[in-house]
Amino acid sequence: MNATRGTYTKALKELQQEILRMGALVEEAVGNAVESLKDQNPELAQQVIKNDDLIDGLELDIEDKCLKLIATQQPMAKDLRRIGTGFKIITDLERMADYAVDIAKITLRIADQPLIKPLIDIPRMAKLTMEMLKDSLDSYVREDVELAGTLRERDDEIDHLYAQIFRELLTYMLADPKTINQATYLLFVGRYLERIADHTTNVGESVIFLVTGERQVLND
Amino acid sequence: MKTTKINVKELTLHYGETKALDKITMEIKENQVTALIGPSGCGKSTFLRVINRMNDLIPTVGIVGTVLLDGENIYHDKQDVVVLRKRVGMVFQSPNPFPKSIYENVAYGPKIHGVKDKKALGEIIERSLHQAALWNEVKDRLHKPALGLSGGQQQRLCIARALAMEPEVILMDEPTSALDPISTMKIEELLNGLKERYTIVIVTHNMQQAARVSDDTAFFLSGVLVECGPTGEIFTKPAQQQTEDYITGRFG
């Protein structure tokens, strides 16, 4: 293939790089949010909350770039799907970052209380979620449909873990009403992680559509 | 589900020794706009001219295969090409009105085919100019020279001239490539209305135009029909890599 439309090709590549940069920031946000909770570190939590503005700004930036590409280059076929999925992926990433902020806020809310139990399942769930996030972005940059497909089973695993956390925290609440406040917040954290995982499967679906032009559902 | 108006089967065309079209097989649906796209020299205009047998005018041409119009082969010996060209009208790239009045341009075809009654002619002319979205601009100067019109108006006059013959199919060979953007837009809008009555086949170099105006798109390359399908599909997920490369501008 020759070098026609070099400017255009370069612009598409830059778009991809920007989306990956946004993805890296979101990975960092989720990781730091969970760490701040585990370690009861309010400073780290504040950092996550503050950095969210950067991520929001990136989303609007990338959206602008996508619109300009449509207007100036009339993208077709895979290029068009690349831009269409670009819109969707940045929306999913921005939502994931918002959930990271929600987790960080909970760190702040329970900062002055000792944890009702050492956190084991939540960090475990977080680790799996972050692996899903990383792999969804890897599948995007490598255009790896198979890797994107693995997100379906892993999402099922996350759903099971969440149900487990739910049951466990319920047990705590029933045994001792004083724990209800914190246990409810921890329940929310589980929910936020489950939502983040769900959004990574959306990214996976976008990757499959980008590469093949076909639709596949990864979260039932 | 639209019916097939034109059915082309294994159509091969040579200019002397040179093969210009290689076993083209495709269906053109009725009351739709079908766009033919492809790089220069790919055979799309040659293929267009197969449909009204304009290539017959070239002495060295050799054609094999069948072209069915409403199920009848237009290349069989007994086909009257004059009748064919009444049923299948054509509009060319450069507007080419006759050096006559606007009225005479549109009246020419019907007159040759025997319409003498002035009232009948008047009705045909008015109807055709309406259908070509030109009536309001010329109704007060029908007897003025056609060549006094702007490029865009001249092209719409040529469309009216073709419509006056009440064709079933209208072939258009890059009808807007010589026109300014506003005239282009007016003619594209026109196609949307015309397809309700006619079957339209349009050759265009402008891919965005093909994407805007057509229902089906056929991609030609070096005399071969690479791919043909619904326009939305062709431009969002073409089946062939060659089609993808062409429409994304990666070659040609």
# chains A, B, ... in the order shown; residues from 1 in each chain; ligands from 1
call {"tool": "residues_around", "arguments": {"residues": "Val82 of chain B", "least_positions_apart": "6", "cutoff": "10 Å", "atoms": "only C-alpha atoms", "output": "short mmCIF file (atom, residue, chain, number, x, y, z; two decimals) with N, CA and C atoms, in the first residue's frame"}}
result
data_model
loop_
_atom_site.label_atom_id
_atom_site.label_comp_id
_atom_site.auth_asym_id
_atom_site.auth_seq_id
_atom_site.Cartn_x
_atom_site.Cartn_y
_atom_site.Cartn_z
N ASN B 52 -27.32 1.26 -23.01
CA ASN B 52 -28.12 1.80 -24.11
C ASN B 52 -27.43 1.58 -25.46
N ARG B 53 -26.52 0.62 -25.46
CA ARG B 53 -25.84 0.22 -26.69
C ARG B 53 -25.15 1.37 -27.41
N VAL B 88 -34.18 4.04 -22.56
CA VAL B 88 -33.01 4.26 -21.72
C VAL B 88 -32.37 5.57 -22.13
#
call {"tool": "residues_around", "arguments": {"residues": "Ser183 of chain B", "least_positions_apart": "2", "cutoff": "9 Å", "atoms": "only C-alpha atoms", "output": "ChimeraX atom specification"}}
result
/B:151-153,155,176,179-181,185-188
call {"tool": "residues_around", "arguments": {"residues": "His14 of chain B", "least_positions_apart": "5", "cutoff": "6 Å", "atoms": "only C-alpha atoms", "output": "list in words"}}
result
Lys19, Ala20, Val61 and Gly62 of chain B
call {"tool": "closest_residue", "arguments": {"among": "A:Arg21, A:Lys10, A:Lys65, A:Arg81", "to": "chain B", "atoms": "only C-alpha atoms"}}
result
A:Arg81
call {"tool": "residues_around", "arguments": {"residues": "Ile49 of chain A", "least_positions_apart": "6", "cutoff": "9 Å", "atoms": "only C-alpha atoms", "output": "PyMOL selection string"}}
result
chain A and resi 29+33+98+100-102+104-105
call {"tool": "write_last_selection", "arguments": {"atoms": "N, CA and C atoms", "output": "PDB file, in the first residue's frame"}}
result
ATOM      1  N   ALA A  29      -6.220   5.818  37.665  1.00  0.00           N
ATOM      2  CA  ALA A  29      -7.269   6.318  38.562  1.00  0.00           C
ATOM      3  C   ALA A  29      -7.926   5.176  39.333  1.00  0.00           C
ATOM      4  N   ALA A  33      -7.555   4.574  43.299  1.00  0.00           N
ATOM      5  CA  ALA A  33      -8.783   4.667  44.105  1.00  0.00           C
ATOM      6  C   ALA A  33      -8.895   3.456  45.034  1.00  0.00           C
ATOM      7  N   ASP A  98     -15.149   8.072  36.354  1.00  0.00           N
ATOM      8  CA  ASP A  98     -16.121   8.601  37.324  1.00  0.00           C
ATOM      9  C   ASP A  98     -16.333   7.620  38.472  1.00  0.00           C
ATOM     10  N   ALA A 100     -14.145   5.520  39.515  1.00  0.00           N
ATOM     11  CA  ALA A 100     -12.927   5.582  40.330  1.00  0.00           C
ATOM     12  C   ALA A 100     -13.057   6.732  41.335  1.00  0.00           C
ATOM     13  N   VAL A 101     -13.573   7.837  40.873  1.00  0.00           N
ATOM     14  CA  VAL A 101     -13.793   8.994  41.759  1.00  0.00           C
ATOM     15  C   VAL A 101     -14.782   8.622  42.870  1.00  0.00           C
ATOM     16  N   ASP A 102     -15.838   7.901  42.492  1.00  0.00           N
ATOM     17  CA  ASP A 102     -16.829   7.471  43.493  1.00  0.00           C
ATOM     18  C   ASP A 102     -16.183   6.608  44.572  1.00  0.00           C
ATOM     19  N   ALA A 104     -12.995   6.700  45.415  1.00  0.00           N
ATOM     20  CA  ALA A 104     -12.118   7.583  46.188  1.00  0.00           C
ATOM     21  C   ALA A 104     -12.937   8.381  47.209  1.00  0.00           C
ATOM     22  N   LYS A 105     -14.124   8.786  46.840  1.00  0.00           N
ATOM     23  CA  LYS A 105     -14.979   9.553  47.767  1.00  0.00           C
ATOM     24  C   LYS A 105     -15.366   8.704  48.963  1.00  0.00           C
TER      25      LYS A 105
END
call {"tool": "residues_around", "arguments": {"residues": "Ile120 of chain A", "least_positions_apart": "5", "cutoff": "12 Å", "atoms": "only C-alpha atoms", "output": "ChimeraX atom specification"}}
result
/A:34,37-38,115,125-127,161,164-165,168,186,190
call {"tool": "interface_residues", "arguments": {"of": "chain A", "to": "chain B", "cutoff": "10 Å", "atoms": "only C-alpha atoms", "output": "MDAnalysis selection string"}}
result
chainID A and resid 1:6 8:9 73:81 210:214
call {"tool": "residues_around", "arguments": {"residues": "Lys100 of chain B", "least_positions_apart": "5", "cutoff": "10 Å", "atoms": "only C-alpha atoms", "output": "PyMOL selection string"}}
result
chain B and resi 105-106+108+143-147
call {"tool": "write_last_selection", "arguments": {"atoms": "N, CA and C atoms", "output": "compact mmCIF listing (two decimals), in the first residue's frame"}}
result
# COMPACT_ATOMS: atom_id res chain seq x y z
N ASN B 105 -35.34 22.46 -27.37
CA ASN B 105 -34.50 21.40 -26.83
C ASN B 105 -35.34 20.25 -26.28
N VAL B 106 -36.32 20.63 -25.48
CA VAL B 106 -37.13 19.60 -24.83
C VAL B 106 -38.12 18.99 -25.81
N TYR B 108 -37.66 18.49 -28.99
CA TYR B 108 -36.99 17.79 -30.09
C TYR B 108 -37.33 16.30 -30.16
N HIS B 143 -38.54 30.52 -25.08
CA HIS B 143 -38.09 30.64 -26.46
C HIS B 143 -36.75 31.34 -26.57
N LYS B 144 -36.11 31.54 -25.41
CA LYS B 144 -34.76 32.09 -25.42
C LYS B 144 -33.76 30.96 -25.65
N PRO B 145 -32.54 31.29 -26.11
CA PRO B 145 -31.56 30.24 -26.40
C PRO B 145 -31.14 29.45 -25.14
N ALA B 146 -31.06 28.16 -25.32
CA ALA B 146 -30.67 27.30 -24.20
C ALA B 146 -29.25 27.59 -23.75
N LEU B 147 -28.42 27.99 -24.69
CA LEU B 147 -27.02 28.25 -24.36
C LEU B 147 -26.83 29.50 -23.50
call {"tool": "closest_residue", "arguments": {"among": "B:Leu48, B:Leu13, B:Val83, B:Ala120", "to": "Val201 of chain B", "atoms": "only C-alpha atoms"}}
result
B:Leu48
call {"tool": "closest_residue", "arguments": {"among": "A:Asp92, A:Thr171, A:Asn41, A:Lys134", "to": "Ile110 of chain A", "atoms": "only C-alpha atoms"}}
result
A:Asn41
call {"tool": "atom_distance", "arguments": {"atom1": "atom CA of Gly114 of chain B", "atom2": "atom CA of Met165 of chain B"}}
result
11.5 Å
